[in-house]
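Trainee: As input, take model11.tsv (TSV, C-alpha atoms):
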chain	number	residue	atom	x	y	z
A	1	MET	CA	0.00	0.00	0.00
A	2	SER	CA	1.44	3.37	-1.02
A	3	VAL	CA	1.67	6.37	1.30
A	4	ARG	CA	1.40	10.04	0.38
A	5	LEU	CA	3.89	12.72	1.36
A	6	TYR	CA	3.45	16.47	1.04
A	7	LEU	CA	5.67	19.49	0.50
A	8	ASP	CA	3.91	22.61	1.77
A	9	SER	CA	4.39	26.34	1.88
A	10	ALA	CA	4.30	27.15	5.60
A	11	LEU	CA	4.01	30.29	7.72
A	12	GLU	CA	5.88	28.89	10.72
A	13	PRO	CA	9.19	27.01	11.06
A	14	ARG	CA	7.37	23.91	12.32
A	15	THR	CA	4.44	21.68	11.53
A	16	PRO	CA	1.01	22.76	12.88
A	17	ASP	CA	0.46	21.40	16.41
A	18	GLY	CA	-2.70	19.38	16.83
A	19	SER	CA	-2.51	19.58	20.64
A	20	ALA	CA	-2.98	23.37	20.22
A	21	GLY	CA	-5.80	22.94	17.72
A	22	GLU	CA	-3.72	24.22	14.78
A	23	ARG	CA	-4.27	21.44	12.25
A	24	ALA	CA	-7.74	22.20	10.86
A	25	GLY	CA	-7.45	24.34	7.75
A	26	SER	CA	-3.74	24.93	8.31
A	27	PHE	CA	-2.84	24.07	4.72
A	28	ASP	CA	-5.91	25.47	2.98
A	29	GLY	CA	-4.90	27.69	0.08
A	30	ALA	CA	-1.19	27.06	0.52
A	31	MET	CA	0.94	25.70	-2.30
A	32	GLU	CA	1.37	21.97	-1.93
A	33	LEU	CA	3.14	19.22	-3.86
A	34	GLU	CA	2.39	15.54	-3.43
A	35	ALA	CA	4.63	12.49	-3.82
A	36	LYS	CA	4.29	8.78	-3.18
A	37	ASN	CA	6.16	6.44	-0.80
A	38	TRP	CA	9.35	8.50	-0.28
A	39	PRO	CA	10.44	12.14	-0.70
A	40	PRO	CA	11.64	12.81	-4.28
A	41	LEU	CA	15.24	13.77	-4.94
A	42	LEU	CA	14.60	17.49	-5.51
A	43	TRP	CA	12.77	17.77	-2.20
A	44	TRP	CA	15.82	16.43	-0.39
A	45	ALA	CA	17.98	18.98	-2.20
A	46	MET	CA	16.49	21.82	-0.10
A	47	PHE	CA	17.24	20.42	3.34
A	48	GLY	CA	20.16	19.79	5.68
A	49	PRO	CA	20.66	17.82	8.91
A	50	GLY	CA	19.74	20.85	11.02
A	51	ASP	CA	16.25	20.96	9.49
A	52	LEU	CA	15.20	17.60	10.96
A	53	MET	CA	12.52	17.96	13.65
A	54	GLU	CA	10.13	15.74	15.60
A	55	ALA	CA	6.40	15.90	16.31
A	56	ARG	CA	3.94	13.61	18.05
A	57	ILE	CA	2.05	11.29	15.73
A	58	ALA	CA	-1.16	11.98	17.65
A	59	ASP	CA	-0.81	15.71	17.01
A	60	THR	CA	-1.34	15.29	13.28
A	61	GLU	CA	-5.00	15.67	14.29
A	62	ASP	CA	-6.49	18.37	16.50
A	63	ALA	CA	-6.98	17.65	20.19
A	64	GLY	CA	-10.61	16.98	21.08
A	65	THR	CA	-11.34	15.11	17.86
A	66	GLU	CA	-12.06	11.40	17.59
A	67	GLU	CA	-9.08	11.01	15.26
A	68	HIS	CA	-6.71	12.54	17.82
A	69	ALA	CA	-8.03	10.25	20.56
A	70	GLU	CA	-7.53	7.18	18.36
A	71	LEU	CA	-3.96	8.17	17.44
A	72	LEU	CA	-3.15	8.92	21.07
A	73	SER	CA	-4.49	5.52	22.10
A	74	GLU	CA	-2.49	3.74	19.40
A	75	TRP	CA	0.77	5.70	19.48
A	76	GLY	CA	0.88	7.46	22.83
A	77	ASP	CA	3.69	10.02	22.82
A	78	ALA	CA	5.57	8.39	19.92
A	79	THR	CA	7.00	10.87	17.42
A	80	TYR	CA	7.90	11.00	13.75
A	81	PRO	CA	10.62	13.01	11.96
A	82	TYR	CA	9.81	15.79	9.51
A	83	LEU	CA	11.70	18.59	7.75
A	84	VAL	CA	11.27	22.36	7.64
A	85	VAL	CA	13.53	25.10	6.27
A	86	ASP	CA	13.24	28.77	5.45
A	87	GLN	CA	12.72	29.55	1.78
A	88	ARG	CA	15.98	31.50	1.37
A	89	THR	CA	18.07	28.58	2.63
A	90	ALA	CA	16.10	26.14	0.47
A	91	LEU	CA	16.85	28.19	-2.65
A	92	SER	CA	20.50	28.59	-1.69
A	93	ARG	CA	20.89	24.82	-1.36
A	94	LEU	CA	19.12	24.15	-4.64
A	95	HIS	CA	21.57	26.50	-6.33
A	96	ALA	CA	24.62	25.02	-4.59
A	97	ARG	CA	23.64	21.42	-5.35
A	98	ARG	CA	22.52	21.95	-8.93
A	99	GLN	CA	25.80	20.95	-10.57
A	100	GLY	CA	26.19	17.83	-8.48
A	101	LEU	CA	22.64	16.60	-9.02
A	102	VAL	CA	22.11	17.58	-12.66
A	103	GLY	CA	25.52	16.09	-13.43
A	104	ARG	CA	24.32	12.78	-12.03
A	105	LEU	CA	20.83	12.91	-13.53
A	106	GLY	CA	21.81	14.15	-16.99
A	107	GLU	CA	21.71	17.59	-18.56
A	108	ARG	CA	18.30	16.95	-20.15
A	109	TYR	CA	16.79	17.30	-16.67
A	110	SER	CA	18.24	20.76	-16.06
A	111	PRO	CA	15.00	22.52	-17.23
A	112	LEU	CA	13.07	20.50	-14.64
A	113	TYR	CA	15.55	21.37	-11.91
A	114	ASP	CA	15.47	25.07	-12.77
A	115	GLU	CA	11.68	25.24	-12.98
A	116	PHE	CA	11.38	23.49	-9.63
A	117	ALA	CA	13.68	26.08	-8.05
A	118	ALA	CA	11.59	28.84	-9.66
A	119	LEU	CA	8.43	27.26	-8.21
A	120	ILE	CA	9.90	27.25	-4.70
A	121	GLU	CA	10.85	30.91	-5.09
A	122	ALA	CA	7.48	31.99	-6.47
A	123	ARG	CA	4.96	29.93	-4.52
A	124	PHE	CA	6.60	28.67	-1.31
A	125	GLY	CA	7.52	30.61	1.78
A	126	PRO	CA	8.39	31.95	4.17
A	127	TYR	CA	9.08	28.29	5.08
A	128	VAL	CA	9.09	25.00	3.20
A	129	LEU	CA	7.63	22.07	5.16
A	130	LEU	CA	8.04	18.41	4.26
A	131	ARG	CA	5.21	16.48	5.92
A	132	THR	CA	6.18	12.86	6.52
A	133	GLU	CA	3.66	11.66	9.10
A	134	ALA	CA	2.64	8.88	6.69
A	135	LEU	CA	6.07	7.32	7.29
A	136	ALA	CA	5.68	7.25	11.08
A	137	ASP	CA	7.31	4.16	12.57
A	138	GLY	CA	6.36	4.70	16.18
A	139	GLY	CA	9.58	6.42	17.10
A	140	ASP	CA	11.85	3.38	16.82
A	141	GLY	CA	14.40	5.53	14.98
A	142	GLY	CA	14.56	3.68	11.66
A	143	ILE	CA	13.04	6.42	9.54
A	144	ARG	CA	14.96	9.15	11.35
A	145	LEU	CA	18.24	7.33	10.70
A	146	LEU	CA	17.45	7.14	6.98
A	147	PHE	CA	16.65	10.84	6.98
A	148	GLU	CA	19.89	11.70	8.76
A	149	GLU	CA	21.99	9.65	6.35
A	150	THR	CA	20.31	11.13	3.27
A	151	LEU	CA	20.65	14.71	4.53
A	152	SER	CA	24.32	14.23	5.43
A	153	GLU	CA	25.02	12.89	1.96
A	154	MET	CA	23.24	15.84	0.37
A	155	GLU	CA	25.34	18.21	2.44
A	156	ARG	CA	28.54	16.78	0.93
A	157	LEU	CA	27.55	18.22	-2.44
A	158	ASP	CA	27.66	21.77	-1.05
A	159	ALA	CA	31.44	21.82	-0.83
A	160	ASP	CA	32.27	19.66	-3.84
A	161	PRO	CA	29.66	18.73	-6.48
A	162	THR	CA	31.88	15.95	-7.81
A	163	THR	CA	32.37	14.16	-4.49
A	164	PRO	CA	30.75	10.72	-4.13
A	165	ALA	CA	27.43	11.40	-2.44
A	166	GLY	CA	26.75	8.06	-0.76
A	167	ARG	CA	24.42	5.12	-1.01
A	168	ARG	CA	21.23	6.97	-0.04
A	169	VAL	CA	21.51	9.71	-2.67
A	170	ASP	CA	22.92	7.28	-5.22
A	171	GLY	CA	19.97	5.01	-4.50
A	172	LEU	CA	17.50	7.82	-5.16
A	173	ILE	CA	19.21	8.55	-8.48
A	174	SER	CA	19.33	4.86	-9.46
A	175	ASP	CA	15.62	4.46	-8.68
A	176	PHE	CA	14.83	7.49	-10.80
A	177	GLN	CA	16.91	6.22	-13.72
A	178	ARG	CA	15.14	2.88	-13.52
A	179	TRP	CA	11.64	4.39	-13.71
A	180	GLN	CA	12.22	7.75	-15.45
A	181	ARG	CA	10.22	6.79	-18.56
A	182	MET	CA	7.04	6.73	-16.47
A	183	ASP	CA	6.96	10.40	-15.45
A	184	PRO	CA	10.26	12.16	-14.70
A	185	VAL	CA	8.59	15.25	-13.20
A	186	TRP	CA	6.51	13.21	-10.74
A	187	LEU	CA	9.48	11.05	-9.77
A	188	LEU	CA	11.90	13.96	-9.21
A	189	ALA	CA	9.64	16.69	-7.83
A	190	GLY	CA	6.09	15.44	-7.22
A	191	ALA	CA	2.95	17.12	-8.54
A	192	GLY	CA	0.52	19.80	-7.43
A	193	ASP	CA	-1.70	22.70	-8.43
A	194	GLY	CA	-0.10	24.33	-11.47
A	195	TRP	CA	2.89	22.01	-11.32
A	196	PRO	CA	4.32	20.88	-13.60
A	197	SER	CA	3.71	23.60	-16.16
A	198	ALA	CA	2.27	22.70	-19.54
A	199	ALA	CA	5.55	23.70	-21.19
A	200	LEU	CA	7.52	21.34	-18.96
A	201	ARG	CA	5.14	18.45	-19.68
A	202	GLU	CA	5.41	19.11	-23.42
A	203	HIS	CA	9.22	19.25	-23.19
A	204	PHE	CA	9.48	15.79	-21.67
A	205	ALA	CA	6.70	14.37	-23.83
A	206	ALA	CA	8.62	15.50	-26.92
A	207	ASN	CA	11.85	13.98	-25.61
A	208	SER	CA	10.06	10.74	-24.85
A	209	GLY	CA	8.63	10.70	-28.38
A	210	ARG	CA	12.08	11.14	-29.91
A	211	ARG	CA	13.48	8.29	-27.81
A	212	SER	CA	10.56	6.09	-28.85
A	213	SER	CA	11.11	6.92	-32.52
A	214	SER	CA	14.78	6.12	-32.19
A	215	GLY	CA	13.96	2.81	-30.59
A	216	GLY	CA	11.41	2.04	-33.31
A	217	SER	CA	13.97	2.79	-36.01
A	218	GLY	CA	16.42	0.39	-34.37
A	219	ARG	CA	13.79	-2.34	-34.20
A	220	SER	CA	12.88	-1.80	-37.85
A	221	THR	CA	16.51	-2.19	-38.87
A	222	ALA	CA	16.79	-5.42	-36.90
A	223	VAL	CA	13.62	-6.78	-38.50
A	224	GLY	CA	14.98	-5.89	-41.93
A	225	TRP	CA	18.16	-7.87	-41.31
A	226	LEU	CA	16.09	-10.80	-40.06
A	227	TRP	CA	14.01	-10.88	-43.26
A	228	GLY	CA	17.19	-10.71	-45.33
A	229	VAL	CA	18.73	-13.67	-43.53
A	230	LEU	CA	15.47	-15.60	-43.85
A	231	PHE	CA	15.43	-15.04	-47.62
A	232	VAL	CA	19.01	-16.23	-48.05
A	233	VAL	CA	18.37	-19.38	-46.01
A	234	CYS	CA	15.15	-20.20	-47.86
A	235	ALA	CA	16.73	-19.52	-51.26
A	236	ILE	CA	19.70	-21.78	-50.55
A	237	GLY	CA	17.38	-24.49	-49.27
A	238	ALA	CA	15.10	-24.27	-52.30
A	239	TYR	CA	17.99	-24.46	-54.76
A	240	TRP	CA	19.63	-27.35	-52.87
A	241	LEU	CA	16.41	-29.36	-52.95
A	242	THR	CA	15.45	-28.68	-56.59
A	243	GLU	CA	18.64	-27.54	-58.33
A	244	HIS	CA	16.45	-25.05	-60.21
A	245	VAL	CA	16.32	-21.25	-60.08
A	246	TRP	CA	12.56	-20.80	-60.28
A	247	PRO	CA	11.88	-21.94	-56.64
A	248	VAL	CA	14.36	-19.31	-55.51
A	249	VAL	CA	12.43	-16.67	-57.46
A	250	THR	CA	9.17	-17.90	-55.94
A	251	VAL	CA	10.54	-17.74	-52.40
A	252	GLY	CA	11.80	-14.21	-53.06
A	253	ALA	CA	8.43	-13.12	-54.40
A	254	VAL	CA	6.53	-14.54	-51.43
A	255	LEU	CA	8.85	-12.90	-48.92
A	256	ALA	CA	8.63	-9.61	-50.81
A	257	VAL	CA	4.82	-9.70	-50.61
A	258	VAL	CA	4.97	-10.41	-46.86
A	259	VAL	CA	7.45	-7.58	-46.23
A	260	VAL	CA	5.42	-5.06	-48.26
A	261	ALA	CA	2.20	-6.05	-46.51
A	262	ARG	CA	3.89	-5.64	-43.12
A	263	PHE	CA	5.22	-2.21	-44.12
A	264	VAL	CA	1.78	-1.05	-45.24
A	265	ARG	CA	0.20	-2.15	-41.94
A	266	GLN	CA	2.86	-0.26	-39.97
A	267	ARG	CA	2.29	2.91	-42.00
A	268	GLN	CA	-1.47	2.66	-41.49
A	269	GLY	CA	-1.04	2.05	-37.73
Translate the structure of the given file into structure tokens.

Mentor:
Amino acid sequence: MSVRLYLDSALEPRTPDGSAGERAGSFDGAMELEAKNWPPLLWWAMFGPGDLMEARIADTEDAGTEEHAELLSEWGDATYPYLVVDQRTALSRLHARRQGLVGRLGERYSPLYDEFAALIEARFGPYVLLRTEALADGGDGGIRLLFEETLSEMERLDADPTTPAGRRVDGLISDFQRWQRMDPVWLLAGAGDGWPSAALREHFAANSGRRSSSGGSGRSTAVGWLWGVLFVVCAIGAYWLTEHVWPVVTVGAVLAVVVVARFVRQRQG
């Protein structure tokens, strides 16, 4: 079962506190991006180890509600880690880590990186909040440790973009490269109201179309070679069995008809 994570524009340098009744409506009208299962790479690029905070799982709902009582009964005072940073620092880190991350992802993703940074500047602030309550593990420290390792590896890129990042960041990049054909914007930066822009979607749709055409051309070439080999084999076999030329001509004619018919179907499709 997948979980949903959220990147929000926030007014305070912390998540809203349910024990103080701050949760209801706290994110109404604010810019928000959504991702699935784990924070995307470009979200991580805005944060550092000092941005890691804790909040009670129960306080993701307002005190006095049935939901809060249920969470309190299930989790008690257990906490979960989350991230929050001021917008200026987030933008500074995105700028500092651009070379290191785009260099690993590939230059074709630089427009996505730059548009994401522009989105943070235009529609997020004064703080950027990464809500991760869906990953709560009851405070056993497993998720927090993963966060700490990933943030420390990101921080290495600030001083030297070419330095080996580490297994957490490399794992995020490897996962993206494995699934990038699905939706590179969603995988790297999530999705939300007005994001990605139509121009960005068209840019990656066009690139995907060119890669598909290239792959189709390669397959067509391979099929052409296969038909050629098949003709030679059939022709040699026909001549060996009959010691006459006319079966060879017949085989060639039949194969030619098949190839032409296949070509016509492909053009019509």

Trainee: Under the rule that only C-alpha atoms are counted, which of A:Ala199, A:Ser174, A:Val85, A:Leu129 is the nearest residue to Pro49 in chain A?

Mentor: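 Nearest to Pro49 in chain A: A:Val85.
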
Trainee: Could you give me, as a list of chain:residue names, the residues within 7 Å of range 66-78 of chain A, counting all atoms listed in the file and dropping anything in the same chain fewer than 4 positions from it?

Mentor: A:Arg56, A:Ile57, A:Ala58, A:Asp59, A:Glu61, A:Asp62, A:Gly138, A:Gly139

Trainee: Of the residues A:Glu12, A:Asp175, A:Glu148, A:Glu54, which is the one nearest to Pro40 in chain A, using all atoms listed in the file?

Mentor: A:Asp175

Trainee: Rounded to one decimal in Å, what is the spacing between CA of Ser26 in chain A and CA of Pro39 in chain A?

Mentor: 21.1 Å

Trainee: Please list as a list in words every residue within 10 Å of Glu121 in chain A, counting only C-alpha atoms and excluding residues in the same chain fewer than 5 positions away.

Mentor: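 The neighbour list is Gln87, Arg88, Ala90, Leu91, Glu115, Phe116 and Pro126 of chain A.
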
Trainee: Hey, what's within 8 Å of Pro16 in chain A if we count all atoms listed in the file and toss same-chain stuff fewer than 4 positions away? As a PyMOL selection string, please?

Mentor: chain A and resi 22-23+26+60

Trainee: Can you list, as a list in words, every protein, DNA or RNA residue that comes within 9 Å of Thr163 in chain A when you count all atoms listed in the file, leaving out same-chain residues fewer than 6 positions away?

Mentor: Gly100, Arg156 and Leu157 of chain A

Trainee: With C-alpha atoms retained, could you export that selection as a PDB file, in the coordinates of the input?

Mentor:
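Full text of again15.pdb as output:
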ATOM      1  CA  GLY A 100      26.190  17.830  -8.480  1.00  0.00           C
ATOM      2  CA  ARG A 156      28.540  16.780   0.930  1.00  0.00           C
ATOM      3  CA  LEU A 157      27.550  18.220  -2.440  1.00  0.00           C
TER       4      LEU A 157
END

Trainee: Name all residues at most 7 Å from Glu133 in chain A (count only C-alpha atoms; drop same-chain ones fewer than 2 positions away) and give them as an NGL selection string.

Mentor: :A and (57 or 80 or 131 or 135-136)

Trainee: Could the residues in this selection be saved with C-alpha atoms as a PDB file, in the frame of the given file?

Mentor:
ATOM      1  CA  ILE A  57       2.050  11.290  15.730  1.00  0.00           C
ATOM      2  CA  TYR A  80       7.900  11.000  13.750  1.00  0.00           C
ATOM      3  CA  ARG A 131       5.210  16.480   5.920  1.00  0.00           C
ATOM      4  CA  LEU A 135       6.070   7.320   7.290  1.00  0.00           C
ATOM      5  CA  ALA A 136       5.680   7.250  11.080  1.00  0.00           C
TER       6      ALA A 136
END

Trainee: Using Å and a single decimal, report how far CA of Leu7 in chain A sits from CA of Glu32 in chain A.

Mentor: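 Answer for the CA of Glu32 in chain A to CA of Leu7 in chain A separation: 5.5 Å.
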
Trainee: Check the smallest atom-to-atom distance from each of A:Trp44, A:Glu202, A:Gly141, A:Ala35 to Leu172 in chain A using all atoms listed in the file, then report the winner.

Mentor: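 Going through A:Trp44, A:Glu202, A:Gly141, A:Ala35 one by one, the smallest distance to Leu172 in chain A is for A:Trp44.
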
Trainee: If you measure from CA of Arg168 in chain A to CA of Gln99 in chain A, what distance in Å do you get, rounded to one decimal?

Mentor: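 We find that CA of Arg168 in chain A and CA of Gln99 in chain A lie 18.1 Å from each other.
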
Trainee: Restricting the calculation to only C-alpha atoms, which member of A:Thr79, A:Tyr6, A:Met31, A:Leu52 is positioned closest to Gly194 in chain A?

Mentor: A:Met31

Trainee: Out of A:Tyr113, A:Phe124, A:Trp195, A:Tyr82, which residue has the shortest atom-to-atom distance to Arg144 in chain A when counting all atoms listed in the file?

Mentor: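 Nearest candidate to Arg144 in chain A out of A:Tyr113, A:Phe124, A:Trp195, A:Tyr82: A:Tyr82.
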
Trainee: Looking at A:Thr150, A:Thr65, A:Asn37, A:Gln180, which one is nearest to Gly106 in chain A, with distances taken over only C-alpha atoms?

Mentor: A:Gln180
